[in-house]
file entry.txt (compact mmCIF, C-alpha atoms)
# COMPACT_ATOMS: atom_id res chain seq x y z
CA MET A 1 0.00 0.00 0.00
CA GLU A 2 1.41 3.37 -1.02
CA LYS A 3 2.12 5.72 1.87
CA LYS A 4 0.08 8.91 1.78
CA LYS A 5 2.24 11.97 1.11
CA LYS A 6 2.35 14.48 3.94
CA ILE A 7 0.98 17.85 2.87
CA ARG A 8 3.40 20.63 3.76
CA LYS A 9 3.25 24.40 3.52
CA GLY A 10 3.44 25.32 -0.15
CA ASP A 11 1.60 22.19 -1.32
CA PHE A 12 -1.81 22.25 -2.94
CA GLY A 13 -4.37 21.17 -0.32
CA TYR A 14 -2.49 22.82 2.55
CA ILE A 15 -5.43 24.98 3.65
CA THR A 16 -7.85 22.05 3.87
CA SER A 17 -5.24 19.92 5.62
CA GLN A 18 -4.49 22.63 8.18
CA LYS A 19 -8.17 23.15 8.97
CA LYS A 20 -8.45 19.50 10.00
CA LYS A 21 -5.11 19.41 11.82
CA ARG A 22 -5.60 22.64 13.76
CA THR A 23 -9.14 21.63 14.75
CA LEU A 24 -7.78 18.39 16.20
CA TYR A 25 -4.95 20.18 18.04
CA THR A 26 -7.40 22.72 19.50
CA ILE A 27 -9.76 20.01 20.77
CA LEU A 28 -6.88 18.06 22.34
CA ALA A 29 -5.44 21.22 23.91
CA PHE A 30 -8.75 22.01 25.64
CA ILE A 31 -9.28 18.49 27.02
CA ALA A 32 -6.73 18.83 29.85
CA PRO A 33 -7.89 22.20 31.31
CA LEU A 34 -11.56 21.25 31.03
CA SER A 35 -10.83 17.94 32.76
CA VAL A 36 -9.09 19.79 35.62
CA PHE A 37 -11.95 22.28 35.92
CA PHE A 38 -14.71 19.66 36.07
CA THR A 39 -12.67 17.50 38.43
CA GLY A 40 -12.48 20.44 40.83
CA LEU A 41 -16.18 21.13 40.38
CA ILE A 42 -17.06 17.55 41.23
CA ILE A 43 -14.70 17.29 44.22
CA LYS A 44 -15.29 20.74 45.78
CA GLY A 45 -18.82 21.38 44.59
CA ASN A 46 -18.02 24.91 43.34
CA ARG A 47 -15.70 26.63 40.90
CA ASN A 48 -13.88 28.89 43.37
CA THR A 49 -10.96 26.53 43.81
CA VAL A 50 -7.33 26.13 42.83
CA PHE A 51 -8.53 23.69 40.16
CA THR A 52 -10.18 26.58 38.32
CA VAL A 53 -7.01 28.66 38.47
CA VAL A 54 -4.95 25.79 37.05
CA ALA A 55 -7.55 25.20 34.34
CA VAL A 56 -7.56 28.88 33.31
CA VAL A 57 -3.76 28.98 33.06
CA ALA A 58 -3.77 25.74 31.08
CA CYS A 59 -6.28 27.26 28.67
CA LEU A 60 -3.79 29.86 27.43
CA PRO A 61 -1.93 27.55 25.01
CA ALA A 62 -5.26 26.01 23.99
CA CYS A 63 -6.56 29.48 23.11
CA LYS A 64 -3.47 30.02 20.96
CA PHE A 65 -4.32 26.87 19.04
CA ALA A 66 -7.91 28.10 18.70
CA VAL A 67 -6.76 31.42 17.19
CA GLY A 68 -4.63 29.55 14.64
CA MET A 69 -7.59 27.33 13.80
CA ILE A 70 -9.93 30.30 13.32
CA MET A 71 -7.38 32.10 11.12
CA MET A 72 -7.16 29.04 8.89
CA TYR A 73 -10.95 28.60 8.69
CA ILE A 74 -11.21 32.15 7.38
CA GLN A 75 -9.15 31.11 4.35
CA LYS A 76 -10.73 29.59 1.27
CA PRO A 77 -8.63 26.96 -0.57
CA MET A 78 -7.52 27.67 -4.11
CA SER A 79 -9.49 26.25 -7.01
CA GLU A 80 -8.40 22.77 -8.07
CA LYS A 81 -9.09 23.83 -11.66
CA ASP A 82 -6.60 26.69 -11.30
CA TYR A 83 -4.10 24.32 -9.71
CA GLN A 84 -4.34 21.88 -12.62
CA GLN A 85 -3.87 24.72 -15.11
CA ILE A 86 -0.78 25.99 -13.30
CA GLU A 87 0.72 22.50 -13.10
CA LYS A 88 0.47 22.22 -16.88
CA HIS A 89 2.63 25.33 -17.24
CA LYS A 90 4.98 24.63 -14.35
CA ASN A 91 7.63 22.83 -16.39
CA GLY A 92 10.74 22.74 -14.17
CA LEU A 93 10.07 25.90 -12.19
CA THR A 94 10.08 26.11 -8.39
CA LEU A 95 6.48 26.73 -7.29
CA GLY A 96 4.47 26.99 -4.09
CA TYR A 97 0.71 27.00 -3.56
CA GLU A 98 -1.93 28.34 -1.15
CA LEU A 99 0.17 30.91 0.68
CA VAL A 100 -1.47 33.26 3.16
CA ILE A 101 1.07 36.07 3.25
CA SER A 102 0.95 37.65 6.68
CA ALA A 103 1.92 41.19 7.68
CA TYR A 104 1.02 43.40 10.64
CA GLU A 105 -1.35 45.45 8.51
CA LYS A 106 -3.15 42.69 6.61
CA GLN A 107 -3.10 39.20 5.13
CA THR A 108 -3.19 38.26 1.46
CA PHE A 109 -4.02 34.89 -0.05
CA VAL A 110 -1.70 34.06 -2.95
CA ASP A 111 -2.83 30.99 -4.88
CA SER A 112 0.60 30.31 -6.36
CA MET A 113 4.13 31.71 -6.43
CA ALA A 114 7.05 30.85 -8.69
CA VAL A 115 10.75 31.65 -8.37
CA CYS A 116 13.46 31.75 -11.00
CA GLY A 117 16.68 33.62 -10.32
CA ASN A 118 15.81 37.14 -9.20
CA THR A 119 12.29 36.93 -10.55
CA VAL A 120 9.41 36.09 -8.21
CA VAL A 121 5.88 36.02 -9.59
CA GLY A 122 2.56 35.11 -8.04
CA TYR A 123 -1.13 34.78 -8.76
CA THR A 124 -4.05 35.69 -6.51
CA SER A 125 -7.66 34.95 -7.36
CA ARG A 126 -8.93 37.21 -4.55
CA GLU A 127 -10.37 40.38 -6.09
CA LYS A 128 -9.93 42.49 -2.95
CA SER A 129 -6.23 41.68 -2.54
CA ASP A 130 -3.95 44.68 -2.13
CA ILE A 131 -1.41 43.58 -4.71
CA PRO A 132 1.00 46.57 -4.51
CA PHE A 133 1.20 46.18 -0.71
CA THR A 134 1.80 42.42 -0.95
CA GLU A 135 4.46 42.78 -3.64
CA LYS A 136 6.29 45.40 -1.58
CA HIS A 137 6.03 43.33 1.62
CA ILE A 138 7.39 40.15 0.05
CA GLN A 139 10.16 42.00 -1.76
CA SER A 140 11.16 43.80 1.45
CA ILE A 141 11.37 40.56 3.44
CA LEU A 142 13.37 38.81 0.73
CA ARG A 143 15.82 41.69 0.38
CA GLN A 144 16.29 41.74 4.15
CA ASN A 145 17.36 38.12 3.78
CA GLY A 146 19.84 38.89 1.01
CA TYR A 147 17.71 38.08 -2.04
CA TYR A 148 17.57 41.14 -4.29
CA VAL A 149 14.58 40.05 -6.34
CA ASN A 150 11.71 41.69 -8.17
CA VAL A 151 8.21 40.60 -7.18
CA LYS A 152 5.16 40.71 -9.44
CA ILE A 153 1.72 39.34 -8.56
CA PHE A 154 -0.95 38.81 -11.22
CA ARG A 155 -4.69 38.98 -10.70
CA LYS A 156 -5.53 37.15 -13.93
CA LEU A 157 -4.56 33.49 -14.29
CA PRO A 158 -3.76 33.62 -18.05
CA ASP A 159 -1.21 36.40 -17.39
CA TYR A 160 0.43 34.28 -14.69
CA LEU A 161 0.52 31.21 -16.92
CA ASN A 162 2.11 33.20 -19.74
CA ARG A 163 4.75 34.50 -17.35
CA LEU A 164 5.51 30.95 -16.18
CA GLU A 165 6.07 29.85 -19.75
CA SER A 166 8.31 32.84 -20.39
CA MET A 167 10.31 32.23 -17.21
CA TRP A 168 10.92 28.61 -18.11
CA GLU A 169 11.88 29.50 -21.67
CA HIS A 170 14.46 31.96 -20.36
CA HIS A 171 15.35 30.25 -17.07
CA GLU A 172 19.00 29.80 -18.02
CA SER A 173 19.50 33.51 -18.63
CA LEU A 174 17.45 34.44 -15.55
CA GLU A 175 19.72 32.31 -13.35
CA LYS A 176 22.97 33.11 -15.13
CA ASP A 177 25.82 34.68 -13.11
CA ILE A 178 23.88 34.56 -9.81
CA ARG A 179 26.22 33.69 -6.98
CA PHE A 180 24.84 31.25 -4.47
CA THR A 181 26.21 29.77 -1.27
CA PRO A 182 24.07 26.95 0.17
CA ASP A 183 22.54 27.64 3.58
CA GLU A 184 24.12 25.56 6.37
CA LYS A 185 20.68 24.97 7.89
CA TYR A 186 19.21 23.77 4.59
CA PRO A 187 22.13 22.42 2.55
CA ASP A 188 19.89 20.48 0.16
CA LEU A 189 17.81 23.49 -0.93
CA THR A 190 18.58 25.41 -4.11
CA ARG A 191 18.56 29.21 -4.13
CA ASN A 192 15.08 29.24 -5.67
CA GLU A 193 13.84 26.86 -2.98
CA LEU A 194 15.40 28.99 -0.23
CA ILE A 195 13.60 32.05 -1.55
CA LEU A 196 10.30 30.17 -1.42
CA HIS A 197 11.23 28.87 2.04
CA THR A 198 11.64 32.49 3.18
CA ILE A 199 8.20 33.34 1.79
CA TYR A 200 6.76 30.33 3.64
CA ALA A 201 8.15 31.82 6.86
CA ILE A 202 5.83 34.84 6.51
CA SER A 203 2.82 32.69 5.58
CA LEU A 204 0.25 31.11 7.89
call {"tool": "encode", "arguments": {"input": "entry.txt", "output": "structure tokens"}}
result
Amino acid sequence: MEKKKKIRKGDFGYITSQKKKRTLYTILAFIAPLSVFFTGLIIKGNRNTVFTVVAVVACLPACKFAVGMIMMYIQKPMSEKDYQQIEKHKNGLTLGYELVISAYEKQTFVDSMAVCGNTVVGYTSREKSDIPFTEKHIQSILRQNGYYVNVKIFRKLPDYLNRLESMWEHHESLEKDIRFTPDEKYPDLTRNELILHTIYAISL
């Protein structure tokens, strides 16, 4: 029997997977404090006990899990039809999917992002996305990490697909003369993969 592939950040299906996983973690995290609270209620007959204090303190990490769960439930997964279209034009490019780019001011759902040399492009199907803000935020974070790239996010899928084809056609020239020293923490990752990895770090 073939082992089911673990869905990681950047994989298609990540949003749906995280909704299930974070729901389970939240339920498990609340079991212990609720058990302590009701144990105290049964033993002492009222809630004004040390059991309640312990239960409240123990609820803090559970609440953190609950916030993460709620944030993920707000997100709508990308269209499988869009995913299939993008995969057809992926060729050998480094791509990531279903990224919720997080900043202090706002969050932006980016259906897909591709990296080739110093070119980073993305596609968002969300009409209300603040594209200029998201482009600037991603570019700023990447440049802070030593990647002097240009970031462009498309709102229309055909434009994104055309750019993917163009990037692959010219990938050798886009990656030519770029100096790269592997990261000691991630020695197996290419430069393109490290750039995506940095974007993952600012995504839910």
call {"tool": "residues_around", "arguments": {"input": "entry.txt", "residues": "Ser79 (chain A)", "least_positions_apart": "6", "cutoff": "10 Å", "atoms": "only C-alpha atoms", "output": "PyMOL selection string"}}
result
chain A and resi 12-13+85+98+111+125
call {"tool": "closest_residue", "arguments": {"input": "entry.txt", "among": "A:Ala32, A:Ile70, A:Leu24, A:Ile101", "to": "Met113 (chain A)", "atoms": "only C-alpha atoms"}}
result
A:Ile101
call {"tool": "closest_residue", "arguments": {"input": "entry.txt", "among": "A:Leu204, A:Met167, A:Ile195, A:Leu60", "to": "Asp183 (chain A)", "atoms": "only C-alpha atoms"}}
result
A:Ile195
call {"tool": "atom_distance", "arguments": {"input": "entry.txt", "atom1": "CA of Gln75 (chain A)", "atom2": "CA of Tyr200 (chain A)"}}
result
15.9 Å
call {"tool": "closest_residue", "arguments": {"input": "entry.txt", "among": "A:Thr16, A:Gln84, A:Ser140, A:Thr94", "to": "Thr190 (chain A)", "atoms": "all atoms listed in the file"}}
result
A:Thr94
call {"tool": "build_atoms", "arguments": {"input": "entry.txt", "residues": "region 122-133 of chain A", "atoms": "all heavy atoms", "output": "PDB file, in the frame of the given file"}}
result
ATOM      1  N   GLY A 122       3.639  35.791  -8.743  1.00  0.00           N
ATOM      2  CA  GLY A 122       2.560  35.110  -8.040  1.00  0.00           C
ATOM      3  C   GLY A 122       1.231  35.357  -8.717  1.00  0.00           C
ATOM      4  O   GLY A 122       1.105  36.193  -9.621  1.00  0.00           O
ATOM      5  N   TYR A 123       0.235  34.632  -8.245  1.00  0.00           N
ATOM      6  CA  TYR A 123      -1.130  34.780  -8.760  1.00  0.00           C
ATOM      7  C   TYR A 123      -2.099  34.735  -7.585  1.00  0.00           C
ATOM      8  O   TYR A 123      -2.014  33.847  -6.731  1.00  0.00           O
ATOM      9  CB  TYR A 123      -1.467  33.674  -9.751  1.00  0.00           C
ATOM     10  CG  TYR A 123      -2.960  33.463  -9.953  1.00  0.00           C
ATOM     11  CD1 TYR A 123      -3.740  34.445 -10.559  1.00  0.00           C
ATOM     12  CD2 TYR A 123      -3.585  32.284  -9.529  1.00  0.00           C
ATOM     13  CE1 TYR A 123      -5.119  34.269 -10.729  1.00  0.00           C
ATOM     14  CE2 TYR A 123      -4.954  32.095  -9.702  1.00  0.00           C
ATOM     15  CZ  TYR A 123      -5.708  33.079 -10.299  1.00  0.00           C
ATOM     16  OH  TYR A 123      -7.065  32.910 -10.461  1.00  0.00           O
ATOM     17  N   THR A 124      -2.994  35.713  -7.515  1.00  0.00           N
ATOM     18  CA  THR A 124      -4.050  35.690  -6.510  1.00  0.00           C
ATOM     19  C   THR A 124      -5.406  35.798  -7.186  1.00  0.00           C
ATOM     20  O   THR A 124      -5.607  36.634  -8.068  1.00  0.00           O
ATOM     21  CB  THR A 124      -3.893  36.828  -5.477  1.00  0.00           C
ATOM     22  OG1 THR A 124      -4.990  36.771  -4.553  1.00  0.00           O
ATOM     23  CG2 THR A 124      -3.867  38.203  -6.136  1.00  0.00           C
ATOM     24  N   SER A 125      -6.311  34.934  -6.783  1.00  0.00           N
ATOM     25  CA  SER A 125      -7.660  34.950  -7.360  1.00  0.00           C
ATOM     26  C   SER A 125      -8.594  35.840  -6.546  1.00  0.00           C
ATOM     27  O   SER A 125      -9.746  36.039  -6.918  1.00  0.00           O
ATOM     28  CB  SER A 125      -8.218  33.520  -7.369  1.00  0.00           C
ATOM     29  OG  SER A 125      -8.261  32.988  -6.047  1.00  0.00           O
ATOM     30  N   ARG A 126      -8.101  36.381  -5.436  1.00  0.00           N
ATOM     31  CA  ARG A 126      -8.930  37.210  -4.550  1.00  0.00           C
ATOM     32  C   ARG A 126      -8.998  38.636  -5.084  1.00  0.00           C
ATOM     33  O   ARG A 126      -7.984  39.342  -5.134  1.00  0.00           O
ATOM     34  CB  ARG A 126      -8.385  37.203  -3.128  1.00  0.00           C
ATOM     35  CG  ARG A 126      -8.120  35.826  -2.526  1.00  0.00           C
ATOM     36  CD  ARG A 126      -9.337  34.899  -2.580  1.00  0.00           C
ATOM     37  NE  ARG A 126      -9.165  33.757  -1.702  1.00  0.00           N
ATOM     38  CZ  ARG A 126      -8.973  32.511  -2.109  1.00  0.00           C
ATOM     39  NH1 ARG A 126      -8.917  32.253  -3.404  1.00  0.00           N
ATOM     40  NH2 ARG A 126      -8.854  31.525  -1.231  1.00  0.00           N
ATOM     41  N   GLU A 127     -10.190  39.078  -5.450  1.00  0.00           N
ATOM     42  CA  GLU A 127     -10.370  40.380  -6.090  1.00  0.00           C
ATOM     43  C   GLU A 127      -9.999  41.548  -5.181  1.00  0.00           C
ATOM     44  O   GLU A 127      -9.568  42.596  -5.650  1.00  0.00           O
ATOM     45  CB  GLU A 127     -11.827  40.531  -6.552  1.00  0.00           C
ATOM     46  CG  GLU A 127     -12.213  39.568  -7.675  1.00  0.00           C
ATOM     47  CD  GLU A 127     -13.624  39.791  -8.155  1.00  0.00           C
ATOM     48  OE1 GLU A 127     -14.302  40.696  -7.621  1.00  0.00           O
ATOM     49  OE2 GLU A 127     -14.061  39.065  -9.068  1.00  0.00           O
ATOM     50  N   LYS A 128     -10.174  41.384  -3.874  1.00  0.00           N
ATOM     51  CA  LYS A 128      -9.930  42.490  -2.950  1.00  0.00           C
ATOM     52  C   LYS A 128      -8.478  42.547  -2.454  1.00  0.00           C
ATOM     53  O   LYS A 128      -8.152  43.356  -1.591  1.00  0.00           O
ATOM     54  CB  LYS A 128     -10.872  42.378  -1.755  1.00  0.00           C
ATOM     55  CG  LYS A 128     -12.347  42.542  -2.125  1.00  0.00           C
ATOM     56  CD  LYS A 128     -13.236  42.496  -0.896  1.00  0.00           C
ATOM     57  CE  LYS A 128     -14.696  42.673  -1.262  1.00  0.00           C
ATOM     58  NZ  LYS A 128     -15.578  42.626  -0.061  1.00  0.00           N
ATOM     59  N   SER A 129      -7.625  41.701  -2.981  1.00  0.00           N
ATOM     60  CA  SER A 129      -6.230  41.680  -2.540  1.00  0.00           C
ATOM     61  C   SER A 129      -5.524  42.989  -2.872  1.00  0.00           C
ATOM     62  O   SER A 129      -5.697  43.539  -3.957  1.00  0.00           O
ATOM     63  CB  SER A 129      -5.474  40.523  -3.226  1.00  0.00           C
ATOM     64  OG  SER A 129      -6.010  39.282  -2.835  1.00  0.00           O
ATOM     65  N   ASP A 130      -4.753  43.470  -1.924  1.00  0.00           N
ATOM     66  CA  ASP A 130      -3.950  44.680  -2.130  1.00  0.00           C
ATOM     67  C   ASP A 130      -2.612  44.233  -2.727  1.00  0.00           C
ATOM     68  O   ASP A 130      -1.644  43.999  -2.008  1.00  0.00           O
ATOM     69  CB  ASP A 130      -3.743  45.399  -0.796  1.00  0.00           C
ATOM     70  CG  ASP A 130      -3.073  46.763  -0.969  1.00  0.00           C
ATOM     71  OD1 ASP A 130      -2.450  46.990  -2.019  1.00  0.00           O
ATOM     72  OD2 ASP A 130      -3.159  47.581  -0.040  1.00  0.00           O
ATOM     73  N   ILE A 131      -2.586  44.122  -4.032  1.00  0.00           N
ATOM     74  CA  ILE A 131      -1.410  43.580  -4.710  1.00  0.00           C
ATOM     75  C   ILE A 131      -0.158  44.432  -4.517  1.00  0.00           C
ATOM     76  O   ILE A 131       0.906  43.881  -4.197  1.00  0.00           O
ATOM     77  CB  ILE A 131      -1.720  43.350  -6.206  1.00  0.00           C
ATOM     78  CG1 ILE A 131      -2.680  42.160  -6.341  1.00  0.00           C
ATOM     79  CG2 ILE A 131      -0.431  43.099  -7.003  1.00  0.00           C
ATOM     80  CD1 ILE A 131      -3.066  41.826  -7.754  1.00  0.00           C
ATOM     81  N   PRO A 132      -0.216  45.761  -4.711  1.00  0.00           N
ATOM     82  CA  PRO A 132       1.000  46.570  -4.510  1.00  0.00           C
ATOM     83  C   PRO A 132       1.587  46.397  -3.108  1.00  0.00           C
ATOM     84  O   PRO A 132       2.812  46.296  -2.946  1.00  0.00           O
ATOM     85  CB  PRO A 132       0.507  48.000  -4.741  1.00  0.00           C
ATOM     86  CG  PRO A 132      -0.658  47.833  -5.658  1.00  0.00           C
ATOM     87  CD  PRO A 132      -1.333  46.583  -5.209  1.00  0.00           C
ATOM     88  N   PHE A 133       0.726  46.361  -2.087  1.00  0.00           N
ATOM     89  CA  PHE A 133       1.200  46.180  -0.710  1.00  0.00           C
ATOM     90  C   PHE A 133       1.886  44.827  -0.550  1.00  0.00           C
ATOM     91  O   PHE A 133       2.954  44.718   0.054  1.00  0.00           O
ATOM     92  CB  PHE A 133       0.030  46.288   0.275  1.00  0.00           C
ATOM     93  CG  PHE A 133       0.400  45.901   1.680  1.00  0.00           C
ATOM     94  CD1 PHE A 133       0.985  46.825   2.535  1.00  0.00           C
ATOM     95  CD2 PHE A 133       0.188  44.606   2.132  1.00  0.00           C
ATOM     96  CE1 PHE A 133       1.345  46.469   3.831  1.00  0.00           C
ATOM     97  CE2 PHE A 133       0.545  44.232   3.424  1.00  0.00           C
ATOM     98  CZ  PHE A 133       1.123  45.177   4.274  1.00  0.00           C
TER      99      PHE A 133
END
